[in-house]
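Novice: Please find input_36.txt (compact mmCIF, C-alpha atoms) on the next line:
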```txt
# COMPACT_ATOMS: atom_id res chain seq x y z
CA MET Z 1 22.86 14.43 -10.41
CA ARG Z 2 22.60 13.41 -6.76
CA LEU Z 3 23.61 15.89 -4.10
CA ARG Z 4 25.19 13.46 -1.65
CA ASN Z 5 28.06 11.05 -2.10
CA GLY Z 6 27.17 7.39 -2.39
CA GLU Z 7 27.74 4.19 -4.30
CA HIS Z 8 27.36 6.19 -7.50
CA GLY Z 9 30.40 8.31 -6.63
CA TYR Z 10 30.84 11.91 -5.56
CA GLY Z 11 27.72 14.03 -5.25
CA ALA Z 12 27.07 17.46 -6.72
CA VAL Z 13 27.81 19.34 -3.48
CA THR Z 14 31.19 17.67 -3.00
CA LYS Z 15 32.14 18.40 -6.60
CA PHE Z 16 30.99 21.99 -6.29
CA LEU Z 17 33.02 22.56 -3.12
CA HIS Z 18 36.03 20.83 -4.66
CA TRP Z 19 36.15 23.04 -7.76
CA LEU Z 20 35.37 26.21 -5.81
CA THR Z 21 38.38 25.39 -3.65
CA VAL Z 22 40.52 24.81 -6.73
CA PHE Z 23 39.56 28.15 -8.27
CA ALA Z 24 40.01 30.00 -4.97
CA ILE Z 25 43.50 28.57 -4.40
CA VAL Z 26 44.61 29.21 -7.99
CA GLY Z 27 43.25 32.74 -7.82
CA GLN Z 28 44.93 33.35 -4.48
CA PHE Z 29 48.34 32.31 -5.73
CA LEU Z 30 47.96 34.39 -8.90
CA VAL Z 31 47.05 37.42 -6.80
CA GLY Z 32 49.95 36.64 -4.48
CA LEU Z 33 52.38 36.62 -7.39
CA THR Z 34 51.01 39.95 -8.58
CA MET Z 35 51.33 41.36 -5.08
CA GLU Z 36 54.97 40.30 -5.10
CA ALA Z 37 55.28 42.54 -8.14
CA ASP Z 38 53.78 45.33 -6.02
CA ASP Z 39 56.40 44.59 -3.36
CA ALA Z 40 59.04 44.92 -6.04
CA ALA Z 41 57.58 48.33 -6.87
CA LEU Z 42 58.01 49.34 -3.22
CA ASP Z 43 61.61 48.15 -3.38
CA ARG Z 44 62.16 50.28 -6.47
CA GLU Z 45 60.66 53.25 -4.63
CA LYS Z 46 63.13 52.67 -1.78
CA ALA Z 47 65.99 52.56 -4.28
CA ARG Z 48 64.73 55.83 -5.79
CA ILE Z 49 64.70 57.50 -2.36
CA ASP Z 50 68.22 56.24 -1.66
CA ALA Z 51 69.42 57.56 -5.01
CA LEU Z 52 67.74 60.91 -4.34
CA GLU Z 53 69.47 61.08 -0.98
CA ASP Z 54 72.88 60.33 -2.50
CA ILE Z 55 72.47 62.90 -5.26
CA GLY Z 56 70.75 65.64 -3.31
CA LYS Z 57 72.64 65.78 -0.04
CA ASP Z 58 75.64 67.63 -1.48
CA VAL Z 59 73.41 70.10 -3.31
CA ALA Z 60 71.37 70.69 -0.16
CA LYS Z 61 74.55 71.19 1.86
CA ASP Z 62 75.89 73.76 -0.61
CA ARG Z 63 72.63 75.72 -0.38
CA GLY Z 64 72.36 75.50 3.39
CA LEU Z 65 69.31 73.26 3.21
CA GLU Z 66 70.89 70.09 4.54
CA GLU Z 67 68.64 69.82 7.60
CA LEU Z 68 65.45 70.36 5.61
CA PHE Z 69 66.62 67.85 3.01
CA GLU Z 70 67.23 65.19 5.68
CA VAL Z 71 63.79 65.81 7.17
CA GLU Z 72 62.19 65.34 3.75
CA ILE Z 73 64.12 62.12 3.11
CA GLU Z 74 63.04 60.79 6.51
CA ARG Z 75 59.43 61.65 5.69
CA LEU Z 76 59.61 59.79 2.38
CA GLU Z 77 61.13 56.74 4.06
CA GLU Z 78 58.52 56.76 6.84
CA ASP Z 79 55.70 57.02 4.30
CA LEU Z 80 57.16 54.10 2.37
CA ASP Z 81 57.51 51.99 5.52
CA ALA Z 82 53.91 52.77 6.45
CA ARG Z 83 52.72 51.68 3.00
CA ARG Z 84 54.71 48.47 3.28
CA ASP Z 85 53.55 47.62 6.80
CA GLU Z 86 49.91 48.66 6.70
CA TYR Z 87 48.57 47.94 3.24
CA MET Z 88 47.34 44.44 4.16
CA SER Z 89 45.75 45.50 7.45
CA ALA Z 90 44.14 48.43 5.65
CA ALA Z 91 42.81 46.01 3.04
CA PHE Z 92 41.32 43.81 5.76
CA THR Z 93 39.63 46.85 7.32
CA ASP Z 94 38.29 47.98 3.94
CA VAL Z 95 36.82 44.54 3.28
CA PHE Z 96 34.97 44.37 6.59
CA SER Z 97 33.85 47.99 6.47
CA GLY Z 98 32.55 47.56 2.94
CA ARG Z 99 34.59 50.48 1.62
CA PHE Z 100 36.02 48.29 -1.13
CA LEU Z 101 32.54 48.17 -2.69
CA THR Z 102 32.57 51.91 -3.33
CA ASP Z 103 36.29 52.63 -3.71
CA GLY Z 104 37.08 49.71 -6.01
CA VAL Z 105 38.82 46.47 -5.16
CA SER Z 106 42.60 46.51 -4.79
CA LEU Z 107 44.88 43.48 -5.03
CA PRO Z 108 45.41 43.29 -1.25
CA GLU Z 109 41.62 43.37 -0.78
CA ILE Z 110 41.20 40.55 -3.31
CA HIS Z 111 43.89 38.65 -1.41
CA VAL Z 112 41.96 39.09 1.84
CA LEU Z 113 38.65 38.13 0.23
CA LEU Z 114 40.10 34.98 -1.32
CA GLY Z 115 41.83 34.05 1.93
CA LEU Z 116 38.57 34.34 3.85
CA SER Z 117 36.80 32.40 1.08
CA ILE Z 118 39.32 29.57 1.39
CA LEU Z 119 38.77 29.51 5.14
CA LEU Z 120 34.99 29.33 4.68
CA LEU Z 121 35.36 26.63 2.05
CA GLY Z 122 37.46 24.61 4.47
CA MET Z 123 34.71 24.89 7.07
CA ALA Z 124 32.04 23.97 4.52
CA ARG Z 125 33.97 20.91 3.38
CA VAL Z 126 34.49 19.67 6.93
CA LEU Z 127 30.80 20.17 7.76
CA TRP Z 128 29.68 18.47 4.56
CA ARG Z 129 31.94 15.52 5.27
CA ALA Z 130 30.14 15.12 8.60
CA PHE Z 131 26.81 14.74 6.80
CA THR Z 132 27.73 12.62 3.81
CA PRO Z 133 30.02 9.59 3.51
CA LEU Z 134 32.83 9.29 1.04
CA PRO Z 135 32.04 7.18 -2.02
CA PRO Z 136 33.72 3.79 -2.43
CA TRP Z 137 37.34 3.83 -3.52
CA ALA Z 138 37.97 3.64 -7.24
CA PRO Z 139 38.77 -0.03 -7.90
CA TYR Z 140 41.97 0.75 -9.81
CA LEU Z 141 43.60 2.58 -6.88
CA GLU Z 142 46.27 0.49 -5.21
CA PRO Z 143 46.29 0.15 -1.39
CA GLY Z 144 49.30 2.44 -1.10
CA GLU Z 145 47.60 5.06 -3.25
CA ARG Z 146 44.49 4.89 -1.10
CA ARG Z 147 46.54 5.47 2.03
CA LEU Z 148 48.34 8.33 0.31
CA GLU Z 149 45.07 9.96 -0.77
CA THR Z 150 43.75 9.69 2.79
CA VAL Z 151 46.81 11.53 4.12
CA LEU Z 152 46.65 14.11 1.33
CA GLU Z 153 43.00 14.88 2.03
CA LYS Z 154 43.66 15.43 5.73
CA LEU Z 155 46.66 17.64 4.98
CA LEU Z 156 44.70 19.62 2.40
CA LEU Z 157 41.81 20.29 4.77
CA THR Z 158 44.27 21.28 7.49
CA MET Z 159 46.09 23.70 5.21
CA LEU Z 160 42.79 25.31 4.18
CA PHE Z 161 42.67 26.53 7.78
CA VAL Z 162 46.37 27.03 8.51
CA VAL Z 163 47.19 29.21 5.49
CA PRO Z 164 44.41 31.79 6.10
CA PHE Z 165 44.98 31.79 9.87
CA THR Z 166 48.70 32.47 9.51
CA GLY Z 167 47.79 35.21 7.04
CA LEU Z 168 45.51 36.81 9.63
CA LEU Z 169 48.24 36.51 12.25
CA LEU Z 170 50.60 38.21 9.83
CA ILE Z 171 48.14 41.08 9.38
CA PHE Z 172 47.30 41.61 13.04
CA GLY Z 173 50.50 40.28 14.58
CA ASP Z 174 53.94 41.04 13.26
CA ILE Z 175 56.35 40.06 10.54
CA ASP Z 176 57.51 37.03 12.56
CA TRP Z 177 54.47 35.14 11.22
CA LEU Z 178 55.66 35.53 7.64
CA ALA Z 179 57.80 32.38 7.78
CA ALA Z 180 54.85 30.35 9.10
CA HIS Z 181 52.56 31.74 6.40
CA ILE Z 182 55.03 30.96 3.63
CA GLY Z 183 55.74 27.52 5.09
CA ALA Z 184 52.02 26.71 5.15
CA GLN Z 185 51.73 27.78 1.52
CA VAL Z 186 54.64 25.53 0.56
CA VAL Z 187 53.03 22.55 2.31
CA LEU Z 188 49.73 23.28 0.56
CA LEU Z 189 51.45 23.45 -2.83
CA LEU Z 190 53.28 20.18 -2.21
CA VAL Z 191 50.05 18.45 -1.19
CA ILE Z 192 48.29 19.75 -4.30
CA ALA Z 193 51.22 18.73 -6.51
CA VAL Z 194 51.21 15.15 -5.21
CA HIS Z 195 47.42 14.92 -5.53
CA VAL Z 196 47.44 16.30 -9.09
CA GLY Z 197 50.30 13.97 -9.98
CA LEU Z 198 48.32 10.97 -8.79
CA VAL Z 199 45.23 12.08 -10.70
CA LEU Z 200 47.23 12.63 -13.88
CA ARG Z 201 48.89 9.23 -13.48
CA HIS Z 202 45.52 7.52 -13.60
CA THR Z 203 43.89 9.90 -16.08
CA VAL Z 204 46.65 10.35 -18.65
CA VAL Z 205 49.06 7.44 -18.19
CA ARG Z 206 46.81 4.60 -17.11
CA ARG Z 207 43.65 6.12 -18.60
CA ASP Z 208 41.50 4.99 -15.68
CA GLY Z 209 39.39 8.15 -15.78
CA GLN Z 210 40.28 9.30 -12.27
CA LEU Z 211 39.65 12.96 -13.11
CA TRP Z 212 36.13 12.31 -14.34
CA ARG Z 213 35.05 11.07 -10.91
CA MET Z 214 35.08 14.71 -9.78
CA VAL Z 215 33.45 16.19 -12.90
```
Please, can you express the file's structure as C-alpha cells?
Specialist:
Amino acid sequence: MRLRNGEHGYGAVTKFLHWLTVFAIVGQFLVGLTMEADDAALDREKARIDALEDIGKDVAKDRGLEELFEVEIERLEEDLDARRDEYMSAAFTDVFSGRFLTDGVSLPEIHVLLGLSILLLGMARVLWRAFTPLPPWAPYLEPGERRLETVLEKLLLTMLFVVPFTGLLLIFGDIDWLAAHIGAQVVLLLVIAVHVGLVLRHTVVRRDGQLWRMV
C-alpha cells in the first residue's frame, strides 16, 4: 500500500490518521458521557448534604450544637464545590506531571489525554495535507456532493482545533467557556453526522463502495 495519496486513491498515512481520529473522537464522547454520570454523582452528593442539613439542624439546635453543625455543613459544601471546579484542572496537571502513570488513570485524565490527542491529530492531518495531494474525486459523487464534502472537511479540521482549545480554556479560564465548548462539540457532531450520512448513502443505498476508499 502506498503511503501518499495519488491517482490510486488515499494513501496509508491518510487512512491511518483518519481512523485514529475516528477512534479518538468516539472515545472522547464515550468518556464525556461517563463523566456526565460522574457529574450526576456530584449532584446526588449535593442533594445528600442538603437533606442532611434539613434533618440535622433541628437536632443540632436542641443539643446546642447549631453553630458547629453549620460549620460542618459549610465545609462539606466547600469540599464538594472544590471537587466540582478543580477535578479537570487537577487531571490536566496530573497528565503533564506524569502522576497518572503511577496513580492510575481517571476518567478526567483520559478526557484530557484524548483531547490533546485530537488536537495533535488535527495538526498532523493539516501538515500531511501540505505534503500530499488529495486523490481524484470518486466519479460517482455529484458536483453538489463534492462541494459539500469540501466544506465538511474544512469544518472537521477546524473543529479538531476548536473543541480541544475551548476545553483548555474551560480548564484554565472559567465556566463561561462551557457554552463555547459544548457548541463546538455540537458542530463537530453535526459535521460527522452529515459526512457519515453521505458515506452511507453511497455505500449502503447506491452501493458505490464509498466507505472502502478509506479502508
Novice: Just the number, please: distance in Å from atom CA of Thr166 of chain Z to atom CA of His181 of chain Z, one decimal.
Specialist: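 About the pair atom CA of Thr166 of chain Z and atom CA of His181 of chain Z: they are 5.0 Å apart.
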Novice: What does the structure give for the distance between atom CA of Pro136 of chain Z and atom CA of Gly9 of chain Z, in Å to one decimal?
Specialist: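 So the two atoms, atom CA of Pro136 of chain Z and atom CA of Gly9 of chain Z, lie 7.0 Å apart.
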Novice: Please measure the separation of atom CA of Met88 of chain Z and atom CA of Asp174 of chain Z, giving the value in Å to one decimal.
Specialist: 11.7 Å
Novice: So that I can see what lies close to Val215 of chain Z, please list as number ranges by chain the residues with an atom at most 12 Å from it, counting all atoms listed in the file and leaving out residues fewer than 2 positions away in the same chain.
Specialist: Z: 1, 9-19, 209-213
Novice: Could you name the residues that touch Trp177 of chain Z at 12 Å or less, counting all atoms listed in the file, but leaving out those on the same chain fewer than 3 positions away, as a ChimeraX atom specification?
Specialist: /Z:162-174,180-184
Novice: Please write as a ChimeraX atom specification the list of polymer residues whose atoms come within 10 Å of (65.6, 60.6, -1.4), counting all atoms listed in the file and keeping to the coordinates of the file.
Specialist: /Z:45-57,69-70,72-77
Novice: Using all atoms listed in the file, which residue out of Z:His111, Z:Arg2, Z:Arg201, Z:Arg125 lies closest to Glu153 of chain Z?
Specialist: Z:Arg125
Novice: Just the residues within 10 Å of Phe161 of chain Z, please, counting only C-alpha atoms, with nothing from its chain fewer than 4 positions along; format it as a PyMOL selection string.
Specialist: chain Z and resi 115-116+118-123+156-157+165-166+184
Novice: Could I get segment 189-211 of chain Z from the block written out with N, CA and C atoms, as an mmCIF file, in the first residue's frame?
Specialist:
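Result file follows (result_20.cif):
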```cif
data_model
loop_
_atom_site.group_PDB
_atom_site.id
_atom_site.type_symbol
_atom_site.label_atom_id
_atom_site.label_comp_id
_atom_site.auth_asym_id
_atom_site.auth_seq_id
_atom_site.Cartn_x
_atom_site.Cartn_y
_atom_site.Cartn_z
ATOM 1 N N LEU Z 189 -20.275 17.187 15.946
ATOM 2 C CA LEU Z 189 -21.192 16.058 15.781
ATOM 3 C C LEU Z 189 -22.048 16.203 14.527
ATOM 4 N N LEU Z 190 -22.508 17.414 14.255
ATOM 5 C CA LEU Z 190 -23.319 17.642 13.059
ATOM 6 C C LEU Z 190 -22.503 17.391 11.792
ATOM 7 N N VAL Z 191 -21.262 17.865 11.789
ATOM 8 C CA VAL Z 191 -20.391 17.647 10.630
ATOM 9 C C VAL Z 191 -20.169 16.155 10.410
ATOM 10 N N ILE Z 192 -19.887 15.444 11.496
ATOM 11 C CA ILE Z 192 -19.665 13.997 11.390
ATOM 12 C C ILE Z 192 -20.930 13.297 10.909
ATOM 13 N N ALA Z 193 -22.080 13.720 11.427
ATOM 14 C CA ALA Z 193 -23.345 13.084 11.044
ATOM 15 C C ALA Z 193 -23.619 13.248 9.554
ATOM 16 N N VAL Z 194 -23.387 14.449 9.028
ATOM 17 C CA VAL Z 194 -23.616 14.683 7.597
ATOM 18 C C VAL Z 194 -22.628 13.867 6.768
ATOM 19 N N HIS Z 195 -21.371 13.844 7.194
ATOM 20 C CA HIS Z 195 -20.354 13.081 6.468
ATOM 21 C C HIS Z 195 -20.690 11.587 6.460
ATOM 22 N N VAL Z 196 -21.032 11.052 7.624
ATOM 23 C CA VAL Z 196 -21.379 9.627 7.711
ATOM 24 C C VAL Z 196 -22.626 9.334 6.880
ATOM 25 N N GLY Z 197 -23.589 10.248 6.914
ATOM 26 C CA GLY Z 197 -24.790 10.057 6.109
ATOM 27 C C GLY Z 197 -24.482 9.978 4.625
ATOM 28 N N LEU Z 198 -23.576 10.829 4.168
ATOM 29 C CA LEU Z 198 -23.196 10.813 2.754
ATOM 30 C C LEU Z 198 -22.468 9.519 2.396
ATOM 31 N N VAL Z 199 -21.587 9.080 3.292
ATOM 32 C CA VAL Z 199 -20.862 7.826 3.051
ATOM 33 C C VAL Z 199 -21.832 6.648 3.007
ATOM 34 N N LEU Z 200 -22.762 6.602 3.947
ATOM 35 C CA LEU Z 200 -23.729 5.505 3.972
ATOM 36 C C LEU Z 200 -24.638 5.532 2.748
ATOM 37 N N ARG Z 201 -24.961 6.725 2.283
ATOM 38 C CA ARG Z 201 -25.809 6.843 1.085
ATOM 39 C C ARG Z 201 -25.164 6.142 -0.105
ATOM 40 N N HIS Z 202 -23.847 6.338 -0.242
ATOM 41 C CA HIS Z 202 -23.166 5.741 -1.390
ATOM 42 C C HIS Z 202 -22.717 4.306 -1.122
ATOM 43 N N THR Z 203 -22.554 3.955 0.154
ATOM 44 C CA THR Z 203 -22.093 2.599 0.468
ATOM 45 C C THR Z 203 -23.247 1.613 0.574
ATOM 46 N N VAL Z 204 -24.328 2.032 1.231
ATOM 47 C CA VAL Z 204 -25.440 1.121 1.501
ATOM 48 C C VAL Z 204 -26.556 1.257 0.466
ATOM 49 N N VAL Z 205 -26.924 2.504 0.155
ATOM 50 C CA VAL Z 205 -28.065 2.721 -0.742
ATOM 51 C C VAL Z 205 -27.653 2.549 -2.201
ATOM 52 N N ARG Z 206 -26.657 3.317 -2.608
ATOM 53 C CA ARG Z 206 -26.233 3.256 -4.010
ATOM 54 C C ARG Z 206 -25.189 2.176 -4.281
ATOM 55 N N ARG Z 207 -24.601 1.655 -3.217
ATOM 56 C CA ARG Z 207 -23.597 0.589 -3.326
ATOM 57 C C ARG Z 207 -22.435 0.977 -4.252
ATOM 58 N N ASP Z 208 -21.958 2.205 -4.070
ATOM 59 C CA ASP Z 208 -20.823 2.678 -4.862
ATOM 60 C C ASP Z 208 -19.481 2.338 -4.215
ATOM 61 N N GLY Z 209 -19.526 1.854 -2.971
ATOM 62 C CA GLY Z 209 -18.276 1.491 -2.300
ATOM 63 C C GLY Z 209 -17.505 2.673 -1.748
ATOM 64 N N GLN Z 210 -18.220 3.738 -1.376
ATOM 65 C CA GLN Z 210 -17.548 4.936 -0.877
ATOM 66 C C GLN Z 210 -16.701 4.641 0.362
ATOM 67 N N LEU Z 211 -17.230 3.826 1.270
ATOM 68 C CA LEU Z 211 -16.510 3.537 2.510
ATOM 69 C C LEU Z 211 -15.169 2.873 2.248
#
```
